[in-house]
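Source file data.pdb; content: PDB, C-alpha atoms and all ligand atoms.
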```pdb
ATOM      1  CA  MET A   1     -25.373  13.532   2.312
ATOM      2  CA  ASN A   2     -23.730  16.912   2.040
ATOM      3  CA  LEU A   3     -19.968  17.010   2.452
ATOM      4  CA  THR A   4     -17.061  19.408   2.230
ATOM      5  CA  LEU A   5     -14.021  17.839   0.579
ATOM      6  CA  ARG A   6     -10.583  19.347   1.171
ATOM      7  CA  ILE A   7      -8.385  17.827  -1.530
ATOM      8  CA  TRP A   8      -4.646  18.126  -2.171
ATOM      9  CA  ARG A   9      -4.188  19.571  -5.668
ATOM     10  CA  GLN A  10      -0.712  19.543  -7.217
ATOM     11  CA  LYS A  11      -0.175  19.993 -10.960
ATOM     12  CA  ASN A  12       3.111  18.071 -11.134
ATOM     13  CA  ALA A  13       6.132  16.992  -9.100
ATOM     14  CA  SER A  14       7.619  20.517  -8.973
ATOM     15  CA  ASP A  15       4.372  22.373  -8.133
ATOM     16  CA  PRO A  16       4.225  23.231  -4.378
ATOM     17  CA  GLY A  17       0.581  22.040  -4.206
ATOM     18  CA  ARG A  18      -2.269  23.223  -1.960
ATOM     19  CA  ILE A  19      -5.530  22.107  -0.398
ATOM     20  CA  VAL A  20      -8.635  23.077  -2.412
ATOM     21  CA  GLU A  21     -12.127  22.914  -0.922
ATOM     22  CA  TYR A  22     -15.032  21.362  -2.868
ATOM     23  CA  PRO A  23     -18.598  21.290  -1.511
ATOM     24  CA  MET A  24     -20.462  18.081  -2.484
ATOM     25  CA  SER A  25     -24.231  17.732  -2.208
ATOM     26  CA  GLU A  26     -26.581  14.747  -2.478
ATOM     27  CA  VAL A  27     -23.832  12.160  -2.026
ATOM     28  CA  ASN A  28     -25.374   8.668  -2.016
ATOM     29  CA  PRO A  29     -24.327   6.939   1.269
ATOM     30  CA  ASP A  30     -23.999   3.630  -0.635
ATOM     31  CA  MET A  31     -21.363   5.006  -2.979
ATOM     32  CA  SER A  32     -17.808   3.879  -2.471
ATOM     33  CA  PHE A  33     -15.279   6.590  -1.628
ATOM     34  CA  LEU A  34     -13.805   6.379  -5.136
ATOM     35  CA  GLU A  35     -17.255   6.565  -6.756
ATOM     36  CA  MET A  36     -17.827   9.753  -4.777
ATOM     37  CA  LEU A  37     -14.575  11.127  -6.271
ATOM     38  CA  ASP A  38     -15.760   9.994  -9.741
ATOM     39  CA  VAL A  39     -18.911  12.105  -9.263
ATOM     40  CA  LEU A  40     -16.819  15.085  -8.166
ATOM     41  CA  ASN A  41     -14.641  14.666 -11.269
ATOM     42  CA  GLU A  42     -17.714  14.565 -13.553
ATOM     43  CA  GLN A  43     -18.819  17.859 -11.993
ATOM     44  CA  LEU A  44     -15.338  19.388 -12.401
ATOM     45  CA  ILE A  45     -15.152  18.303 -16.061
ATOM     46  CA  ALA A  46     -18.647  19.726 -16.712
ATOM     47  CA  ARG A  47     -17.411  23.061 -15.305
ATOM     48  CA  GLY A  48     -14.302  22.920 -17.511
ATOM     49  CA  GLU A  49     -11.970  22.340 -14.528
ATOM     50  CA  ASP A  50      -9.136  19.842 -14.184
ATOM     51  CA  PRO A  51     -10.401  16.574 -12.592
ATOM     52  CA  VAL A  52      -8.656  15.265  -9.478
ATOM     53  CA  ALA A  53      -6.024  12.638 -10.352
ATOM     54  CA  PHE A  54      -6.158   9.550  -8.125
ATOM     55  CA  ASP A  55      -5.111   5.926  -8.535
ATOM     56  CA  SER A  56      -7.445   2.939  -8.719
ATOM     57  CA  ASP A  57      -7.811  -0.268 -10.691
ATOM     58  CA  CYS A  58      -9.668  -3.311  -9.311
ATOM     59  CA  ARG A  59     -11.831  -1.402  -6.807
ATOM     60  CA  GLU A  60     -12.168  -4.714  -4.928
ATOM     61  CA  GLY A  61      -9.260  -4.501  -2.457
ATOM     62  CA  ILE A  62      -7.026  -6.703  -4.611
ATOM     63  CA  CYS A  63      -4.616  -4.640  -6.703
ATOM     64  CA  GLY A  64      -3.202  -2.155  -4.194
ATOM     65  CA  MET A  65      -3.565   0.860  -6.488
ATOM     66  CA  CYS A  66      -5.893   3.003  -4.358
ATOM     67  CA  SER A  67      -3.869   5.124  -1.991
ATOM     68  CA  LEU A  68      -5.467   7.998  -0.115
ATOM     69  CA  MET A  69      -4.882   9.602   3.250
ATOM     70  CA  ILE A  70      -8.419  10.295   4.480
ATOM     71  CA  ASN A  71      -8.611  12.682   7.412
ATOM     72  CA  GLY A  72      -4.956  11.930   8.103
ATOM     73  CA  VAL A  73      -5.303   8.128   8.143
ATOM     74  CA  ALA A  74      -4.118   5.814   5.353
ATOM     75  CA  HIS A  75      -7.174   4.198   3.672
ATOM     76  CA  GLY A  76      -9.489   6.023   6.107
ATOM     77  CA  GLY A  77      -8.912   3.949   9.224
ATOM     78  CA  PHE A  78     -11.490   1.173   8.876
ATOM     79  CA  ARG A  79      -9.859  -2.115   9.864
ATOM     80  CA  GLY A  80      -8.881  -4.369   6.956
ATOM     81  CA  THR A  81     -10.390  -1.932   4.430
ATOM     82  CA  ALA A  82      -8.719  -0.408   1.371
ATOM     83  CA  THR A  83      -9.891   3.015   0.153
ATOM     84  CA  CYS A  84     -11.823   1.404  -2.711
ATOM     85  CA  GLN A  85     -13.833  -0.714  -0.241
ATOM     86  CA  LEU A  86     -14.728   2.248   1.959
ATOM     87  CA  HIS A  87     -18.332   3.496   1.671
ATOM     88  CA  MET A  88     -19.744   6.946   2.274
ATOM     89  CA  ARG A  89     -22.220   5.626   4.881
ATOM     90  CA  HIS A  90     -19.271   5.517   7.296
ATOM     91  CA  PHE A  91     -19.099   9.324   7.215
ATOM     92  CA  GLU A  92     -21.463  11.868   8.791
ATOM     93  CA  ASP A  93     -23.785  14.169   6.871
ATOM     94  CA  GLY A  94     -22.166  17.618   6.870
ATOM     95  CA  GLN A  95     -18.676  16.249   7.550
ATOM     96  CA  THR A  96     -15.492  17.816   6.208
ATOM     97  CA  ILE A  97     -13.160  15.207   4.707
ATOM     98  CA  THR A  98      -9.503  15.955   3.995
ATOM     99  CA  ILE A  99      -7.972  13.848   1.209
ATOM    100  CA  GLU A 100      -4.212  13.772   0.647
ATOM    101  CA  PRO A 101      -1.702  11.543  -1.155
ATOM    102  CA  TRP A 102       0.734   9.143   0.533
ATOM    103  CA  ARG A 103       3.595  11.308   1.800
ATOM    104  CA  ALA A 104       7.065   9.724   1.769
ATOM    105  CA  LYS A 105      10.374  10.663   0.132
ATOM    106  CA  ALA A 106      10.448   7.315  -1.658
ATOM    107  CA  PHE A 107       6.910   7.899  -3.063
ATOM    108  CA  PRO A 108       7.228  11.230  -4.955
ATOM    109  CA  ILE A 109       3.959  12.874  -5.972
ATOM    110  CA  ILE A 110       3.188  12.690  -9.712
ATOM    111  CA  LYS A 111      -0.048  14.692  -9.681
ATOM    112  CA  ASP A 112      -2.712  15.528  -7.070
ATOM    113  CA  LEU A 113      -3.267  12.255  -5.173
ATOM    114  CA  VAL A 114      -1.120  10.011  -7.399
ATOM    115  CA  VAL A 115       2.331   8.992  -6.158
ATOM    116  CA  ASN A 116       5.117   7.039  -7.831
ATOM    117  CA  ARG A 117       5.432   3.628  -6.124
ATOM    118  CA  LEU A 118       8.049   2.156  -8.474
ATOM    119  CA  ALA A 119      10.357   1.837  -5.452
ATOM    120  CA  PHE A 120       8.236  -1.157  -4.385
ATOM    121  CA  ASP A 121       8.677  -2.758  -7.830
ATOM    122  CA  ARG A 122      12.456  -2.355  -7.600
ATOM    123  CA  ILE A 123      12.443  -4.042  -4.166
ATOM    124  CA  ILE A 124      10.534  -6.997  -5.646
ATOM    125  CA  GLU A 125      12.980  -7.140  -8.581
ATOM    126  CA  ALA A 126      15.845  -7.343  -6.050
ATOM    127  CA  GLY A 127      14.650 -10.675  -4.640
ATOM    128  CA  GLY A 128      10.889 -11.202  -4.514
ATOM    129  CA  PHE A 129      10.896 -14.320  -6.652
ATOM    130  CA  VAL A 130      11.755 -18.041  -6.706
ATOM    131  CA  SER A 131      14.108 -19.175  -9.472
ATOM    132  CA  VAL A 132      13.049 -22.379 -11.247
ATOM    133  CA  ASN A 133      14.367 -24.382 -14.154
ATOM    134  CA  THR A 134      11.837 -24.353 -16.958
ATOM    135  CA  GLY A 135      10.557 -27.644 -18.322
ATOM    136  CA  GLY A 136       7.460 -29.791 -17.954
ATOM    137  CA  THR A 137       4.773 -28.757 -15.478
ATOM    138  CA  PRO A 138       5.716 -30.303 -12.109
ATOM    139  CA  ASP A 139       3.154 -32.350 -10.209
ATOM    140  CA  GLY A 140       1.226 -30.128  -7.818
ATOM    141  CA  ASN A 141       2.123 -32.332  -4.844
ATOM    142  CA  ALA A 142       5.757 -33.010  -5.801
ATOM    143  CA  ILE A 143       6.949 -30.802  -2.919
ATOM    144  CA  PRO A 144       4.867 -31.336   0.238
ATOM    145  CA  VAL A 145       4.190 -28.096   2.117
ATOM    146  CA  PRO A 146       3.328 -28.277   5.827
ATOM    147  CA  LYS A 147      -0.149 -26.838   6.511
ATOM    148  CA  VAL A 148       1.144 -24.340   9.108
ATOM    149  CA  ALA A 149       3.755 -23.035   6.661
ATOM    150  CA  SER A 150       1.261 -22.726   3.804
ATOM    151  CA  ASP A 151      -1.217 -20.860   6.051
ATOM    152  CA  GLN A 152       1.455 -18.425   7.278
ATOM    153  CA  SER A 153       2.783 -17.960   3.767
ATOM    154  CA  MET A 154      -0.719 -17.222   2.495
ATOM    155  CA  ASP A 155      -1.210 -14.623   5.250
ATOM    156  CA  ALA A 156       1.967 -12.829   4.120
ATOM    157  CA  ALA A 157       1.098 -13.201   0.426
ATOM    158  CA  ALA A 158      -2.113 -11.233   1.058
ATOM    159  CA  CYS A 159      -0.053  -8.003   0.911
ATOM    160  CA  ILE A 160      -1.314  -5.989  -2.072
ATOM    161  CA  GLY A 161       1.636  -3.577  -2.147
ATOM    162  CA  CYS A 162      -0.495  -0.484  -1.579
ATOM    163  CA  GLY A 163       2.085   1.415   0.480
ATOM    164  CA  ALA A 164      -0.259   2.411   3.318
ATOM    165  CA  CYS A 165       2.283   1.015   5.778
ATOM    166  CA  VAL A 166       4.851   3.539   4.515
ATOM    167  CA  ALA A 167       2.364   6.421   4.546
ATOM    168  CA  ALA A 168       1.283   5.671   8.112
ATOM    169  CA  CYS A 169       4.799   5.316   9.513
ATOM    170  CA  LYS A 170       6.480   8.388  11.028
ATOM    171  CA  ASN A 171       9.762   7.031   9.597
ATOM    172  CA  ALA A 172       8.225   6.188   6.176
ATOM    173  CA  SER A 173       9.467   2.648   6.731
ATOM    174  CA  ALA A 174       8.612  -0.065   4.199
ATOM    175  CA  MET A 175       9.457  -2.902   6.597
ATOM    176  CA  LEU A 176       5.933  -4.380   6.727
ATOM    177  CA  PHE A 177       5.699  -4.586   2.932
ATOM    178  CA  VAL A 178       9.205  -6.033   2.526
ATOM    179  CA  ALA A 179       8.697  -8.445   5.432
ATOM    180  CA  ALA A 180       5.481  -9.742   3.841
ATOM    181  CA  LYS A 181       7.219 -10.310   0.516
ATOM    182  CA  VAL A 182      10.326 -11.909   2.083
ATOM    183  CA  SER A 183       8.193 -14.139   4.322
ATOM    184  CA  HIS A 184       5.655 -15.462   1.860
ATOM    185  CA  LEU A 185       8.458 -17.038  -0.173
ATOM    186  CA  GLY A 186      10.781 -17.826   2.756
ATOM    187  CA  LEU A 187       8.107 -19.892   4.493
ATOM    188  CA  LEU A 188       7.721 -22.301   1.567
ATOM    189  CA  PRO A 189      10.106 -25.164   0.680
ATOM    190  CA  GLN A 190      10.429 -23.692  -2.831
ATOM    191  CA  GLY A 191      11.786 -20.467  -1.337
ATOM    192  CA  GLN A 192      14.592 -22.006   0.723
ATOM    193  CA  PRO A 193      17.542 -21.994  -1.743
ATOM    194  CA  GLU A 194      17.385 -18.182  -2.127
ATOM    195  CA  ARG A 195      16.057 -17.371   1.343
ATOM    196  CA  GLN A 196      19.071 -15.515   2.772
ATOM    197  CA  ARG A 197      20.050 -13.836  -0.492
ATOM    198  CA  ARG A 198      16.434 -12.701  -0.899
ATOM    199  CA  ALA A 199      16.299 -11.044   2.546
ATOM    200  CA  LEU A 200      19.707  -9.396   2.058
ATOM    201  CA  ASN A 201      18.997  -8.017  -1.412
ATOM    202  CA  MET A 202      15.459  -6.804  -0.699
ATOM    203  CA  VAL A 203      16.482  -5.031   2.527
ATOM    204  CA  ARG A 204      19.462  -3.420   0.764
ATOM    205  CA  GLN A 205      17.175  -2.188  -2.035
ATOM    206  CA  MET A 206      14.666  -0.895   0.517
ATOM    207  CA  ASP A 207      17.425   1.156   2.168
ATOM    208  CA  ALA A 208      18.696   2.384  -1.215
ATOM    209  CA  GLU A 209      15.198   3.651  -2.093
ATOM    210  CA  GLY A 210      15.217   6.000   0.912
ATOM    211  CA  PHE A 211      12.630   4.323   3.148
ATOM    212  CA  GLY A 212      13.169   4.906   6.866
ATOM    213  CA  ASN A 213      13.939   2.397   9.600
ATOM    214  CA  CYS A 214      11.365   0.529  11.670
ATOM    215  CA  THR A 215      10.947   1.636  15.290
ATOM    216  CA  VAL A 216       8.070  -0.801  15.910
ATOM    217  CA  THR A 217       5.322   1.757  16.499
ATOM    218  CA  GLY A 218       2.785  -0.589  14.888
ATOM    219  CA  SER A 219       1.150   2.181  12.839
ATOM    220  CA  CYS A 220       1.742   0.113   9.685
ATOM    221  CA  GLU A 221      -0.127  -2.905  11.042
ATOM    222  CA  ALA A 222      -3.005  -0.659  12.215
ATOM    223  CA  VAL A 223      -3.763   0.669   8.721
ATOM    224  CA  CYS A 224      -2.844  -2.349   6.580
ATOM    225  CA  PRO A 225      -5.925  -3.301   4.525
ATOM    226  CA  LYS A 226      -4.754  -6.921   4.462
ATOM    227  CA  GLU A 227      -3.934  -7.017   8.202
ATOM    228  CA  ILE A 228      -0.334  -8.105   7.664
ATOM    229  CA  ARG A 229       1.108  -8.760  11.112
ATOM    230  CA  LEU A 230       4.208  -7.162  12.687
ATOM    231  CA  GLU A 231       5.565 -10.644  13.458
ATOM    232  CA  PHE A 232       6.601 -10.894   9.798
ATOM    233  CA  ILE A 233       9.061  -8.034  10.406
ATOM    234  CA  ALA A 234      10.685 -10.044  13.219
ATOM    235  CA  ARG A 235      10.851 -13.021  10.859
ATOM    236  CA  MET A 236      12.525 -10.970   8.136
ATOM    237  CA  ASN A 237      15.015  -9.515  10.623
ATOM    238  CA  ARG A 238      16.049 -13.051  11.603
ATOM    239  CA  ASP A 239      16.573 -14.009   7.940
ATOM    240  CA  TYR A 240      18.460 -10.777   7.305
ATOM    241  CA  GLY A 241      20.681 -11.270  10.378
ATOM    242  CA  ARG A 242      21.583 -14.809   9.310
ATOM    243  CA  ALA A 243      22.314 -13.582   5.781
ATOM    244  CA  VAL A 244      24.639 -10.819   7.046
ATOM    245  CA  LEU A 245      26.542 -13.284   9.240
ATOM    246  CA  ALA A 246      26.791 -15.823   6.414
ATOM    247  CA  ALA A 247      28.120 -13.126   4.059
ATOM    248  CA  LYS A 248      30.939 -12.378   6.552
ATOM    249  CA  GLU A 249      32.040 -16.039   6.830
TER
HETATM  250  S1  LIG B   1       1.885  -4.575   4.166
HETATM  251 FE1  LIG B   1      -0.276  -3.922   4.099
HETATM  252  S2  LIG B   1      -0.167  -1.675   4.027
HETATM  253 FE2  LIG B   1       1.867  -2.431   3.449
HETATM  254  S3  LIG B   1       1.868  -2.590   1.211
HETATM  255 FE3  LIG B   1       1.238  -4.626   2.010
HETATM  256  S4  LIG B   1      -1.016  -4.526   2.066
HETATM  257 FE4  LIG B   1      -0.310  -2.385   1.884
HETATM  258  S1  LIG B   2      -8.374  -0.162  -6.366
HETATM  259 FE1  LIG B   2      -7.473  -2.155  -6.192
HETATM  260  S2  LIG B   2      -7.120  -2.364  -4.063
HETATM  261 FE2  LIG B   2      -8.214  -0.485  -4.208
END
```
Could you take the file, read its structure, and then write that structure out as structure tokens?
Ligand code: SF4
Ligand code: FES
Amino acid sequence: MNLTLRIWRQKNASDPGRIVEYPMSEVNPDMSFLEMLDVLNEQLIARGEDPVAFDSDCREGICGMCSLMINGVAHGGFRGTATCQLHMRHFEDGQTITIEPWRAKAFPIIKDLVVNRLAFDRIIEAGGFVSVNTGGTPDGNAIPVPKVASDQSMDAAACIGCGACVAACKNASAMLFVAAKVSHLGLLPQGQPERQRRALNMVRQMDAEGFGNCTVTGSCEAVCPKEIRLEFIARMNRDYGRAVLAAKE
């Protein structure tokens, strides 16, 4: 395949950045999107040019590191597919592909296609945990978990924290990510003691980080590689509402 790549190049956070065009020839259709960028980088290094900086780790749709806007769509627009799982056979020979970083105030660009997603870590630190007393290993079945609750919790826990939901949202809202993290613990018996405090603290941290509000456009759900559902946002809002009322009592 022959392609024209239009890639956002930005030396550092203060550089204004610009799109640079790179022609690519003989791209193997069975390459993953990131392997195609690896090949481009080998060519750039061979020519003595600066390779394109982009994030990746597992390359199996697990870690949430890959984060590219491909032709204006987070992760490229293939349902339930992270950038690292996307293959070049989904593109047309001769196609022009525009590759940009996530764009959101709370995700400042570090270099080229790499953004700083520490805001997500700080939201998790604010409440995305269950406190336990240390001691002997508890029996696995000591706390029975209803099957429906464990299934729903597992669905929410599938969130890999990639940030595509923020990048896709016109408000740069992080509600789908936070709702997944609040819900996967709040659905389990082990998560009940801190349930309200968790929702309150994580939502407050989300607001403090500069993410926008949710106006329920559904663009987050459409691009989420783990198909996290909007209903988790409604669930988190209920927990948050109860927590606000309880704090006033
Ligand atoms: S909700 Fe989906 S899009 Fe958002 S961070 Fe989690 S996995 Fe990524
Ligand atoms: S590199 Fe890990 S999810 Fe894509």
Report as a PyMOL selection string which protein, DNA and RNA residues come within 8 Å of ligand LIG 1 (chain B), using all atoms listed in the file. chain A and resi 64+158-166+174+176-180+220-221+223-228
Could you list, as JSON, numbers by chain, every residue within 10 Å of range 27-43 of chain A, counting only C-alpha atoms and ignoring same-chain residues fewer than 2 positions away? {"A": [1, 2, 3, 5, 22, 23, 24, 25, 45, 46, 47, 48, 49, 50, 51, 52, 53, 54, 55, 56, 59, 66, 68, 70, 75, 76, 83, 84, 85, 86, 87, 88, 89, 90, 91, 92, 93]}
Set the distance at 10 Å and use all atoms listed in the file: which residues neighbour Lys170 in chain A once local chain neighbours fewer than 3 positions away are removed? I'd like the list as a compact mmCIF listing (two decimals) with C-alpha atoms, keeping the file's coordinate frame.
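Saved file result.txt follows:
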```
# COMPACT_ATOMS: atom_id res chain seq x y z
CA ALA A 104 7.06 9.72 1.77
CA CYS A 165 2.28 1.01 5.78
CA VAL A 166 4.85 3.54 4.51
CA ALA A 167 2.36 6.42 4.55
CA SER A 173 9.47 2.65 6.73
CA GLY A 212 13.17 4.91 6.87
CA ASN A 213 13.94 2.40 9.60
CA CYS A 214 11.36 0.53 11.67
CA THR A 215 10.95 1.64 15.29
CA THR A 217 5.32 1.76 16.50
CA SER A 219 1.15 2.18 12.84
CA CYS A 220 1.74 0.11 9.68
```
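Taking CA of Ile110 in chain A as the reference point, CA of Asn12 in chain A is found at 5.6 Å.
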Near Met206 in chain A, counting only C-alpha atoms, which residues have an atom at most 8 Å away, once you skip same-chain residues fewer than 2 positions from it, shown as a PyMOL selection string? chain A and resi 119+123+174+178+202-204+208-211
Show me, as JSON, the centre and edge lengths in Å to one decimal of the axis-aligned box that covers every listed atom of range 18-32 of chain A with 3 Å on each side.
```
{"center_x": -14.4, "center_y": 13.4, "center_z": -0.9, "size_x": 30.3, "size_y": 25.6, "size_z": 10.2}
```
Go through the shown structure with the PyMOL selection byres (((chain A and resi 188) around 12) and not hetatm) and write out the matching residues as a ChimeraX atom specification. /A:129-130,143-154,156-157,182-187,189-195
State, in Å with one decimal place, the distance from CA of Ala243 in chain A to CA of Ala199 in chain A.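 Separating CA of Ala243 in chain A from CA of Ala199 in chain A is a distance of 7.3 Å.
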Just to confirm, what's the straight-line distance from CA of Ser131 in chain A to CA of Arg197 in chain A in Å (one decimal)? 12.0 Å
Can you work out which one of A:Arg117, A:Arg238, A:Arg198, A:Arg79 has the shortest atom-to-atom distance to Pro101 in chain A, counting all atoms listed in the file?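 The answer is A:Arg117, which sits nearest to Pro101 in chain A.
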If we count all atoms listed in the file, what is near range 14-17 of chain A at a cut-off of 12 Å, once residues fewer than 2 positions away on the same chain are taken out, given as a list in words?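 The filter keeps Ile7, Trp8, Arg9, Gln10, Lys11, Asn12, Ile19, Val20, Glu100, Pro101, Pro108, Ile109, Ile110, Lys111, Asp112 and Leu113 of chain A.
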Which residue out of A:Glu60, A:Asp139, A:Asp207, A:Glu26 has the minimum interatomic distance to Arg122 in chain A when all atoms listed in the file are used?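 Going through A:Glu60, A:Asp139, A:Asp207, A:Glu26 one by one, the smallest distance to Arg122 in chain A is for A:Asp207.
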Which one is closest to ligand LIG 2 (chain B): A:Met69, A:Ala82, A:Val115, A:Leu200? Count all atoms listed in the file.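 Of A:Met69, A:Ala82, A:Val115, A:Leu200, the one nearest ligand LIG 2 (chain B) is A:Ala82, counting all atoms listed in the file.
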